[in-house]
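Undergrad: Take a look at work-v7.txt, compact mmCIF, C-alpha atoms:
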# COMPACT_ATOMS: atom_id res chain seq x y z
CA MET G 1 108.23 47.26 153.39
CA GLY G 2 106.06 45.66 150.72
CA LYS G 3 106.92 42.36 149.11
CA LYS G 4 106.82 41.83 145.36
CA TYR G 5 106.44 38.06 145.71
CA LYS G 6 104.06 35.92 147.75
CA HIS G 7 106.48 33.14 148.58
CA ILE G 8 109.58 33.59 150.72
CA GLU G 9 111.61 31.22 148.51
CA THR G 10 111.20 33.68 145.62
CA ALA G 11 111.39 36.87 147.67
CA ILE G 12 114.64 35.79 149.28
CA ILE G 13 116.31 35.71 145.85
CA HIS G 14 114.73 38.67 144.09
CA ASP G 15 113.46 41.24 146.58
CA GLY G 16 115.64 44.13 147.71
CA TYR G 17 117.85 44.34 144.61
CA GLU G 18 117.31 45.82 141.17
CA ASP G 19 119.98 44.74 138.70
CA LYS G 20 118.91 47.48 136.26
CA GLU G 21 120.13 50.04 138.80
CA MET G 22 123.56 48.36 138.83
CA LEU G 23 124.39 48.22 135.10
CA GLY G 24 122.56 44.88 134.78
CA SER G 25 124.88 43.06 137.18
CA LEU G 26 123.13 39.85 138.27
CA ALA G 27 125.25 39.64 141.41
CA PRO G 28 125.16 42.78 143.57
CA PRO G 29 128.40 44.77 143.31
CA ILE G 30 130.69 45.21 146.30
CA PHE G 31 131.08 48.93 146.97
CA GLN G 32 134.46 48.58 148.65
CA THR G 33 134.88 52.24 149.55
CA SER G 34 135.19 54.12 152.80
CA THR G 35 133.77 57.42 151.54
CA PHE G 36 131.65 58.96 148.77
CA THR G 37 132.25 62.17 146.81
CA PHE G 38 129.81 65.08 146.52
CA ASP G 39 129.02 67.02 143.35
CA SER G 40 129.35 70.26 145.29
CA ALA G 41 129.86 71.71 148.76
CA GLU G 42 126.15 72.48 148.83
CA GLN G 43 125.29 68.83 148.18
CA GLY G 44 127.55 67.81 151.06
CA GLU G 45 125.69 70.22 153.32
CA LEU G 46 122.31 68.88 152.20
CA ARG G 47 123.30 65.26 152.83
CA PHE G 48 124.76 65.96 156.27
CA SER G 49 121.64 67.89 157.22
CA GLY G 50 119.42 65.01 156.08
CA LYS G 51 117.65 67.12 153.46
CA GLU G 52 119.00 65.02 150.57
CA ASP G 53 119.30 61.26 150.37
CA GLY G 54 122.63 59.82 149.33
CA TYR G 55 125.75 58.16 150.63
CA ILE G 56 128.35 60.03 152.67
CA TYR G 57 130.69 57.59 154.42
CA SER G 58 130.44 53.80 154.72
CA ARG G 59 130.03 53.92 158.49
CA LEU G 60 126.81 55.84 157.79
CA GLY G 61 125.63 53.70 154.89
CA ASN G 62 126.94 51.70 151.93
CA PRO G 63 125.07 50.52 148.78
CA THR G 64 126.02 46.84 149.21
CA VAL G 65 125.00 46.90 152.86
CA THR G 66 121.75 48.65 151.93
CA ILE G 67 120.81 45.77 149.61
CA LEU G 68 121.19 43.33 152.50
CA GLU G 69 119.19 45.60 154.84
CA LYS G 70 116.35 45.82 152.33
CA LYS G 71 116.31 42.05 151.89
CA ILE G 72 116.16 41.21 155.60
CA ALA G 73 113.45 43.83 156.20
CA THR G 74 111.33 42.28 153.46
CA LEU G 75 111.86 38.74 154.75
CA GLU G 76 110.91 39.68 158.33
CA ASN G 77 107.95 41.82 157.15
CA GLY G 78 109.52 44.87 158.81
CA GLU G 79 109.81 48.48 157.71
CA ARG G 80 113.59 48.80 157.85
CA GLY G 81 116.62 46.59 158.41
CA LEU G 82 120.02 47.55 159.78
CA ALA G 83 123.32 45.66 159.49
CA PHE G 84 126.05 45.34 162.14
CA SER G 85 129.54 43.90 162.38
CA SER G 86 128.40 41.10 164.72
CA GLY G 87 125.32 39.70 166.40
CA MET G 88 126.42 41.20 169.71
CA ALA G 89 126.88 44.61 168.08
CA ALA G 90 123.22 44.35 167.03
CA VAL G 91 122.07 43.22 170.50
CA SER G 92 124.08 45.99 172.20
CA ALA G 93 122.80 48.71 169.88
CA VAL G 94 119.15 47.75 170.38
CA LEU G 95 119.34 47.44 174.17
CA ILE G 96 121.27 50.70 174.52
CA ALA G 97 118.79 52.49 172.25
CA LEU G 98 115.79 51.24 174.24
CA SER G 99 117.07 51.69 177.78
CA LYS G 100 118.73 54.14 180.16
CA ALA G 101 120.23 54.11 183.65
CA ASN G 102 117.97 52.65 186.37
CA ASP G 103 115.66 50.95 183.87
CA HIS G 104 114.45 47.36 184.11
CA ILE G 105 114.76 44.65 181.43
CA LEU G 106 112.67 41.49 181.54
CA CYS G 107 114.23 38.51 179.75
CA SER G 108 113.31 34.98 178.79
CA SER G 109 114.54 32.32 181.20
CA GLY G 110 117.68 31.66 179.17
CA LEU G 111 120.01 33.80 177.08
CA TYR G 112 123.14 33.45 175.00
CA GLY G 113 126.15 33.80 177.30
CA CYS G 114 127.42 37.05 175.79
CA THR G 115 123.95 38.63 175.97
CA PHE G 116 123.90 37.65 179.64
CA GLY G 117 127.36 39.22 180.00
CA LEU G 118 126.21 42.46 178.35
CA LEU G 119 123.22 42.70 180.69
CA THR G 120 125.48 42.08 183.68
CA MET G 121 127.73 44.93 182.54
CA MET G 122 124.71 47.22 182.12
CA LYS G 123 123.57 46.32 185.64
CA ASP G 124 126.98 47.15 187.07
CA LYS G 125 127.57 50.36 185.12
CA TYR G 126 124.07 51.84 184.89
CA ASN G 127 122.27 50.39 187.90
CA MET G 128 119.84 48.60 185.63
CA LYS G 129 117.72 45.72 186.89
CA VAL G 130 117.37 42.47 184.96
CA ASP G 131 114.83 39.74 185.70
CA PHE G 132 114.23 36.38 184.06
CA SER G 133 110.90 34.71 183.44
CA ASN G 134 109.67 31.48 181.85
CA MET G 135 106.84 33.60 180.40
CA ASP G 136 104.51 30.61 180.61
CA THR G 137 101.36 32.65 181.33
CA GLU G 138 100.07 36.19 180.96
CA GLU G 139 99.83 36.45 184.75
CA GLU G 140 103.47 35.52 185.20
CA ILE G 141 104.59 38.20 182.74
CA ARG G 142 102.38 40.87 184.33
CA SER G 143 103.78 40.01 187.77
CA LYS G 144 107.33 40.66 186.53
CA VAL G 145 106.64 44.01 184.85
CA LYS G 146 107.75 47.09 186.82
CA PRO G 147 107.00 50.79 186.24
CA GLU G 148 110.58 51.16 184.97
CA THR G 149 110.49 48.14 182.62
CA ALA G 150 111.92 49.40 179.32
CA VAL G 151 112.28 46.20 177.27
CA ILE G 152 111.12 42.60 177.14
CA TYR G 153 113.94 40.61 175.56
CA ILE G 154 113.33 37.06 174.31
CA GLU G 155 115.16 34.18 172.75
CA THR G 156 112.94 31.50 171.28
CA PRO G 157 114.03 28.78 170.91
CA ILE G 158 116.22 29.60 173.92
CA ASN G 159 119.92 28.92 173.50
CA PRO G 160 120.79 26.13 174.40
CA THR G 161 117.83 24.58 176.26
CA MET G 162 115.44 24.88 173.29
CA ARG G 163 112.60 26.12 175.52
CA LEU G 164 110.00 28.16 173.63
CA VAL G 165 108.18 31.40 174.42
CA ASP G 166 104.72 32.17 173.04
CA LEU G 167 105.48 35.42 171.21
CA GLU G 168 101.85 36.28 170.51
CA MET G 169 100.99 36.02 174.21
CA VAL G 170 104.00 38.08 175.35
CA SER G 171 103.26 40.77 172.76
CA LYS G 172 99.67 41.01 173.92
CA VAL G 173 100.74 41.66 177.53
CA ALA G 174 103.56 44.00 176.50
CA LYS G 175 101.13 46.20 174.59
CA GLU G 176 99.09 46.67 177.77
CA PHE G 177 102.13 48.38 179.30
CA ASP G 178 103.51 49.90 176.06
CA ILE G 179 106.76 47.95 176.41
CA PRO G 180 108.69 46.99 173.25
CA VAL G 181 109.37 43.28 172.68
CA VAL G 182 112.74 42.34 171.20
CA VAL G 183 113.29 38.82 169.82
CA ASP G 184 116.54 37.10 168.96
CA ASN G 185 115.41 35.07 165.94
CA THR G 186 118.82 33.56 165.15
CA PHE G 187 117.86 29.90 165.64
CA SER G 188 114.74 30.11 163.48
CA THR G 189 115.58 32.68 160.77
CA PRO G 190 112.72 34.44 158.95
CA TYR G 191 112.15 31.23 157.00
CA LEU G 192 110.86 29.39 160.08
CA GLN G 193 109.50 32.15 162.34
CA LYS G 194 108.40 35.79 161.93
CA PRO G 195 108.20 37.55 165.32
CA LEU G 196 106.96 40.85 163.87
CA ASP G 197 103.91 39.09 162.45
CA LEU G 198 103.18 37.85 165.99
CA GLY G 199 103.13 41.37 167.43
CA CYS G 200 106.77 41.82 168.47
CA ASP G 201 108.59 45.09 167.79
CA VAL G 202 112.22 44.32 166.97
CA VAL G 203 113.97 41.25 165.55
CA ILE G 204 117.68 40.55 165.95
CA HIS G 205 119.81 37.99 164.10
CA SER G 206 123.32 36.79 164.53
CA ALA G 207 123.67 36.62 160.76
CA THR G 208 126.91 34.72 161.34
CA LYS G 209 124.76 31.64 161.72
CA TYR G 210 122.06 30.37 159.31
CA ILE G 211 121.74 33.55 157.25
CA GLY G 212 125.40 33.38 156.25
CA GLY G 213 125.34 29.62 156.46
CA HIS G 214 128.95 28.91 155.51
CA GLY G 215 130.99 29.80 158.58
CA ASP G 216 132.92 32.60 156.87
CA VAL G 217 131.40 35.84 158.17
CA ILE G 218 130.64 37.56 161.50
CA ALA G 219 127.56 39.81 161.31
CA GLY G 220 124.34 40.98 162.95
CA LEU G 221 121.00 42.26 161.66
CA VAL G 222 118.11 44.22 163.18
CA VAL G 223 114.60 44.70 161.77
CA GLY G 224 111.74 46.83 163.08
CA LYS G 225 109.68 49.93 162.47
CA LYS G 226 111.41 52.62 160.43
CA GLU G 227 111.20 55.24 163.17
CA PHE G 228 113.03 53.04 165.68
CA VAL G 229 115.61 51.64 163.25
CA ASP G 230 116.35 55.16 161.97
CA LYS G 231 117.04 56.16 165.57
CA VAL G 232 119.45 53.25 166.05
CA ALA G 233 121.19 54.03 162.76
CA LEU G 234 121.72 57.68 163.70
CA THR G 235 122.83 56.99 167.28
CA THR G 236 124.17 53.68 168.53
CA LEU G 237 125.29 52.34 165.14
CA LYS G 238 126.81 55.61 163.92
CA ASP G 239 128.44 56.68 167.16
CA ILE G 240 129.58 53.34 168.59
CA GLY G 241 130.52 52.18 165.11
CA GLY G 242 129.76 48.45 164.93
CA VAL G 243 129.19 48.65 161.18
CA MET G 244 129.21 45.81 158.66
CA SER G 245 131.80 45.76 155.89
CA PRO G 246 130.60 45.74 152.25
CA PHE G 247 132.27 42.38 151.62
CA ASP G 248 130.54 40.77 154.60
CA ALA G 249 127.22 42.16 153.35
CA TRP G 250 127.93 40.61 149.94
CA LEU G 251 128.65 37.23 151.54
CA LEU G 252 125.34 37.37 153.41
CA ILE G 253 123.38 38.36 150.30
CA ARG G 254 124.87 35.33 148.59
CA GLY G 255 124.16 33.06 151.56
CA LEU G 256 120.54 34.22 151.81
CA LYS G 257 119.71 32.89 148.34
CA THR G 258 119.96 29.29 149.52
CA LEU G 259 118.48 29.80 153.02
CA PRO G 260 115.18 27.93 152.36
CA LEU G 261 116.96 24.95 150.83
CA ARG G 262 119.50 24.83 153.62
CA MET G 263 116.93 25.24 156.40
CA ASP G 264 114.78 22.45 154.99
CA ARG G 265 117.78 20.11 155.05
CA HIS G 266 118.89 21.26 158.53
CA CYS G 267 115.37 20.63 159.85
CA GLU G 268 114.99 17.22 158.20
CA ASN G 269 118.37 16.07 159.52
CA ALA G 270 117.73 17.46 163.02
CA LYS G 271 114.42 15.62 163.30
CA LYS G 272 116.05 12.32 162.33
CA ILE G 273 118.90 12.84 164.80
CA MET G 274 116.46 13.81 167.56
CA GLU G 275 114.50 10.61 167.04
CA HIS G 276 117.62 8.45 167.23
CA LEU G 277 119.03 10.24 170.27
CA LYS G 278 115.77 9.62 172.17
CA ASN G 279 116.26 5.87 171.75
CA HIS G 280 119.90 5.68 172.81
CA PRO G 281 120.48 4.27 176.32
CA LYS G 282 123.27 6.77 177.11
CA VAL G 283 121.00 9.78 176.51
CA ASP G 284 118.75 11.06 179.31
CA ASN G 285 116.81 13.94 177.73
CA VAL G 286 116.45 15.40 174.25
CA PHE G 287 115.23 18.93 173.56
CA TYR G 288 113.78 19.86 170.15
CA PRO G 289 110.93 22.31 169.39
CA HIS G 290 108.91 19.99 167.15
CA ASP G 291 109.26 16.90 169.33
CA SER G 292 105.69 15.92 170.26
CA THR G 293 106.82 15.10 173.82
CA ASN G 294 108.34 18.57 174.31
CA PRO G 295 106.25 20.56 176.84
CA ASP G 296 106.43 23.53 174.47
CA PHE G 297 105.39 21.52 171.40
CA ARG G 298 102.12 23.46 171.04
CA ILE G 299 104.01 26.74 170.86
CA GLY G 300 106.50 25.31 168.39
CA LYS G 301 103.77 24.12 166.03
CA LYS G 302 101.95 27.44 166.36
CA GLN G 303 104.79 29.84 165.55
CA MET G 304 107.53 27.84 163.78
CA ARG G 305 107.16 26.42 160.28
CA LYS G 306 109.52 23.55 161.20
CA GLY G 307 111.54 22.58 164.26
CA GLY G 308 114.87 24.05 163.20
CA GLY G 309 118.36 22.60 162.94
CA MET G 310 119.39 22.71 166.61
CA VAL G 311 119.09 19.77 169.00
CA SER G 312 120.18 19.76 172.65
CA PHE G 313 120.46 16.65 174.78
CA GLU G 314 121.71 15.46 178.15
CA ILE G 315 123.92 12.43 178.36
CA LYS G 316 123.99 10.11 181.35
CA GLY G 317 126.96 11.04 183.50
CA ASN G 318 128.82 14.21 184.45
CA LYS G 319 131.02 16.91 182.93
CA LYS G 320 133.90 14.49 182.36
CA ASP G 321 131.58 12.11 180.53
CA ALA G 322 130.30 14.99 178.36
CA GLN G 323 133.85 15.95 177.46
CA GLN G 324 134.80 12.34 176.79
CA PHE G 325 131.83 12.06 174.43
CA LEU G 326 132.84 15.22 172.55
CA ASN G 327 136.45 14.06 172.26
CA ALA G 328 135.34 10.72 170.81
CA LEU G 329 133.60 12.34 167.84
CA SER G 330 135.29 12.05 164.48
CA MET G 331 133.36 13.91 161.76
CA ILE G 332 131.37 16.35 163.90
CA LYS G 333 133.46 19.40 164.81
CA ILE G 334 133.72 20.75 168.35
CA ALA G 335 132.96 24.44 167.80
CA VAL G 336 130.71 27.07 169.33
CA SER G 337 128.97 28.50 166.29
CA LEU G 338 125.95 27.05 164.51
CA GLY G 339 124.07 27.08 161.23
CA ASP G 340 127.02 26.02 159.09
CA ALA G 341 127.06 23.26 156.47
CA GLU G 342 129.19 21.23 158.89
CA SER G 343 127.64 19.69 162.01
CA LEU G 344 129.02 21.50 165.07
CA ILE G 345 128.80 20.46 168.71
CA GLN G 346 129.68 22.10 172.00
CA HIS G 347 129.35 21.98 175.80
CA PRO G 348 127.41 25.11 176.86
CA ALA G 349 128.30 25.01 180.57
CA THR G 350 132.01 25.36 179.83
CA MET G 351 131.87 27.16 176.48
CA THR G 352 129.12 29.52 175.24
CA HIS G 353 127.57 29.98 178.68
CA ALA G 354 130.69 29.75 180.84
CA VAL G 355 130.32 33.46 181.68
CA VAL G 356 126.97 32.72 183.36
CA PRO G 357 127.38 31.98 187.10
CA GLU G 358 126.75 28.33 187.97
CA GLU G 359 123.61 29.06 190.00
CA SER G 360 122.09 31.06 187.13
CA ARG G 361 123.10 28.39 184.62
CA LYS G 362 121.28 25.73 186.61
CA LYS G 363 118.17 27.90 186.80
CA MET G 364 118.31 28.21 183.02
CA GLY G 365 118.48 24.42 182.72
CA ILE G 366 122.10 24.33 181.56
CA THR G 367 123.54 21.27 183.29
CA ASP G 368 127.03 19.80 183.04
CA GLN G 369 125.52 16.96 181.01
CA LEU G 370 123.90 19.23 178.40
CA ILE G 371 125.24 19.12 174.84
CA ARG G 372 124.20 21.47 172.03
CA LEU G 373 124.31 20.13 168.48
CA SER G 374 124.00 22.20 165.33
CA VAL G 375 122.92 19.58 162.81
CA GLY G 376 124.63 20.20 159.48
CA LEU G 377 123.89 19.41 155.86
CA GLU G 378 125.71 16.09 155.70
CA ALA G 379 123.78 12.86 155.10
CA TRP G 380 121.98 12.28 158.40
CA PRO G 381 123.06 8.61 158.73
CA ASP G 382 126.70 9.78 158.75
CA ILE G 383 125.92 12.31 161.48
CA TRP G 384 124.17 9.64 163.51
CA ASP G 385 126.97 7.09 163.02
CA ASP G 386 129.45 9.55 164.51
CA LEU G 387 127.20 10.40 167.46
CA LYS G 388 126.39 6.74 168.12
CA GLN G 389 129.99 5.55 168.16
CA ALA G 390 130.92 8.33 170.60
CA LEU G 391 127.92 7.56 172.84
CA ASP G 392 128.68 3.84 172.75
CA GLN G 393 132.13 4.52 174.21
CA LEU G 394 130.66 6.02 177.39
CA LYS G 395 130.78 3.77 180.43
Rewrite the coordinates I just gave you, this time as structure tokens.

TA:
Amino acid sequence: MGKKYKHIETAIIHDGYEDKEMLGSLAPPIFQTSTFTFDSAEQGELRFSGKEDGYIYSRLGNPTVTILEKKIATLENGERGLAFSSGMAAVSAVLIALSKANDHILCSSGLYGCTFGLLTMMKDKYNMKVDFSNMDTEEEIRSKVKPETAVIYIETPINPTMRLVDLEMVSKVAKEFDIPVVVDNTFSTPYLQKPLDLGCDVVIHSATKYIGGHGDVIAGLVVGKKEFVDKVALTTLKDIGGVMSPFDAWLLIRGLKTLPLRMDRHCENAKKIMEHLKNHPKVDNVFYPHDSTNPDFRIGKKQMRKGGGMVSFEIKGNKKDAQQFLNALSMIKIAVSLGDAESLIQHPATMTHAVVPEESRKKMGITDQLIRLSVGLEAWPDIWDDLKQALDQLK
């Protein structure tokens, strides 16, 4: 999909919507309808057969949702975008479309808890095999590939350990075996990282997070080549039915307009908080992509415009100490989402990744002392004051 504008800050506002096509309405209209009428029975036949473009039923397509899909495709430099009712609906649709019983999926060394749960269900129901890899070298990736490997699935930064995967390197190896590479780009957004430009095949977003940005919508997005996304639209989206509502699409279109401004502030605040956490005596380790002491710093500088708004850190102590720290916070909210204007904090081992067995969690680097912080848009000194007073209360 071609861009009209060179800079993402402009494209994010203007691309994908023509107000002249909507009676000059500056804001995209909400087509709050379940179905669409036909001029004739013959037109209905043509649309159902795919011989004529046009809307039929909002589960199959809706004008407001289409505007959002065009925008995200443009921003990710993909051929087509597709909207879903949640991030997990998007993940499920892509993995189901790309795999079948007895296949093998190779994943990054850490995954969101519900993605891990989905893969566990697919293993149990369809005898699929799932392996995890740090993907540190080409040789390591090649050693994990099997004849039945159907997908390489990556989070980068990985939730919640903030480890990074070199997407260009993985894509190079994947092409040797003709295996599609799917990337969850939720933490970075297309403003900070563009996996398709690095050779990957499909991008997924939990649009609930930074793309929406205001904590008031649940949604997922997929971007890739038109042939593949068309297939998903006509199969797993249509038949399983995890479709986005027109109003949710409208909220995301509105949220997207301020994404660059918000991400700049998230990143600036996160870097400040990271620096202060590193110097606090009650903090053992801090994990942030653009921290120069991070072992993956080279990858972060190579493929991410900035370090993002997420910081993870380990406090000195145990699970009870982690919970005491969380309970001592005043302004920062204990909640499991991210990317909102408000700073949000959570304990992955007992919350987002509780579904992951303890042994697997430890292999992923998710300890009982690990805290995940979504740094909000507040003044960073206020965020730090709240963190510091809670840390200072720890024995």

Undergrad: Between G:Leu82, G:Leu119, G:Ile152, G:Cys107, which is the closest to Ser133 of chain G once you count all atoms listed in the file?

TA: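 Smallest separation from Ser133 of chain G among the options: G:Cys107.
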
Undergrad: Counting only C-alpha atoms, which residue out of G:Ile105, G:Met128, G:Met274, G:Cys114 sits closest to His353 of chain G?

TA: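 The shortest atom-to-atom distance to His353 of chain G comes from G:Cys114.
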
Undergrad: Go through G:Lys129, G:His290, G:His214, G:Lys257 one by one, measure the shortest atom-to-atom distance of each to Tyr191 of chain G using all atoms listed in the file, and give the residue with the smallest value.

TA: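 Distance minimum relative to Tyr191 of chain G lands on G:Lys257.
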
Undergrad: Closest to Lys172 of chain G among G:Pro147, G:Gly376, G:Pro28, G:Gly199, using only C-alpha atoms?

TA: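 The answer is G:Gly199, which sits nearest to Lys172 of chain G.
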
Undergrad: What lies within 9 Å of Asp230 of chain G using only C-alpha atoms, ignoring chain neighbours under 4 positions off, as a ChimeraX atom specification?

TA: /G:80,82,225-226,234-235

Undergrad: Go ahead and save the residues from that selection, with C-alpha atoms, as a PDB file, in the frame of the given file.

TA:
ATOM      1  CA  ARG G  80     113.590  48.800 157.850  1.00  0.00           C
ATOM      2  CA  LEU G  82     120.020  47.550 159.780  1.00  0.00           C
ATOM      3  CA  LYS G 225     109.680  49.930 162.470  1.00  0.00           C
ATOM      4  CA  LYS G 226     111.410  52.620 160.430  1.00  0.00           C
ATOM      5  CA  LEU G 234     121.720  57.680 163.700  1.00  0.00           C
ATOM      6  CA  THR G 235     122.830  56.990 167.280  1.00  0.00           C
TER       7      THR G 235
END

Undergrad: Hey, can you check how far atom CA of Glu227 of chain G sits from atom CA of Met135 of chain G?

TA: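 Going from atom CA of Glu227 of chain G over to atom CA of Met135 of chain G, I get 28.0 Å.
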
Undergrad: With distances taken over all atoms listed in the file, which residue among G:Gly81, G:Pro160, G:Gly61, G:Gly300 lies nearest Ser374 of chain G?

TA: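 So, comparing all the options, the nearest one is G:Pro160.
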
Undergrad: Identify which of the residues G:Ala219, G:Cys267, G:Met122, G:Leu106 lies closest to Gly242 of chain G, counting all atoms listed in the file when measuring atom-to-atom distances.

TA: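 Using all atoms listed in the file, Gly242 of chain G sits closest to G:Ala219.
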
Undergrad: Would you list the residues near (118.0, 7.3, 173.0), meaning any protein, DNA or RNA residue with an atom at most 12 Å from that point in file coordinates, counting only C-alpha atoms, as a PyMOL selection string?

TA: chain G and resi 272-287+313-316+384+387-388+391-392

Undergrad: The selected residues should be written to file as a PDB file, keeping the file's coordinate frame (atoms: C-alpha atoms).

TA:
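Contents of out.pdb, freshly written:
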ATOM      1  CA  LYS G 272     116.050  12.320 162.330  1.00  0.00           C
ATOM      2  CA  ILE G 273     118.900  12.840 164.800  1.00  0.00           C
ATOM      3  CA  MET G 274     116.460  13.810 167.560  1.00  0.00           C
ATOM      4  CA  GLU G 275     114.500  10.610 167.040  1.00  0.00           C
ATOM      5  CA  HIS G 276     117.620   8.450 167.230  1.00  0.00           C
ATOM      6  CA  LEU G 277     119.030  10.240 170.270  1.00  0.00           C
ATOM      7  CA  LYS G 278     115.770   9.620 172.170  1.00  0.00           C
ATOM      8  CA  ASN G 279     116.260   5.870 171.750  1.00  0.00           C
ATOM      9  CA  HIS G 280     119.900   5.680 172.810  1.00  0.00           C
ATOM     10  CA  PRO G 281     120.480   4.270 176.320  1.00  0.00           C
ATOM     11  CA  LYS G 282     123.270   6.770 177.110  1.00  0.00           C
ATOM     12  CA  VAL G 283     121.000   9.780 176.510  1.00  0.00           C
ATOM     13  CA  ASP G 284     118.750  11.060 179.310  1.00  0.00           C
ATOM     14  CA  ASN G 285     116.810  13.940 177.730  1.00  0.00           C
ATOM     15  CA  VAL G 286     116.450  15.400 174.250  1.00  0.00           C
ATOM     16  CA  PHE G 287     115.230  18.930 173.560  1.00  0.00           C
ATOM     17  CA  PHE G 313     120.460  16.650 174.780  1.00  0.00           C
ATOM     18  CA  GLU G 314     121.710  15.460 178.150  1.00  0.00           C
ATOM     19  CA  ILE G 315     123.920  12.430 178.360  1.00  0.00           C
ATOM     20  CA  LYS G 316     123.990  10.110 181.350  1.00  0.00           C
ATOM     21  CA  TRP G 384     124.170   9.640 163.510  1.00  0.00           C
ATOM     22  CA  LEU G 387     127.200  10.400 167.460  1.00  0.00           C
ATOM     23  CA  LYS G 388     126.390   6.740 168.120  1.00  0.00           C
ATOM     24  CA  LEU G 391     127.920   7.560 172.840  1.00  0.00           C
ATOM     25  CA  ASP G 392     128.680   3.840 172.750  1.00  0.00           C
TER      26      ASP G 392
END

Undergrad: In the coordinate frame of the file, compute which residues have an atom within 10 Å of (124.0, 34.9, 146.7) when using all atoms listed in the file, and state them as a VMD selection string.

TA: chain G and resid 12 to 13 26 to 28 212 250 to 259
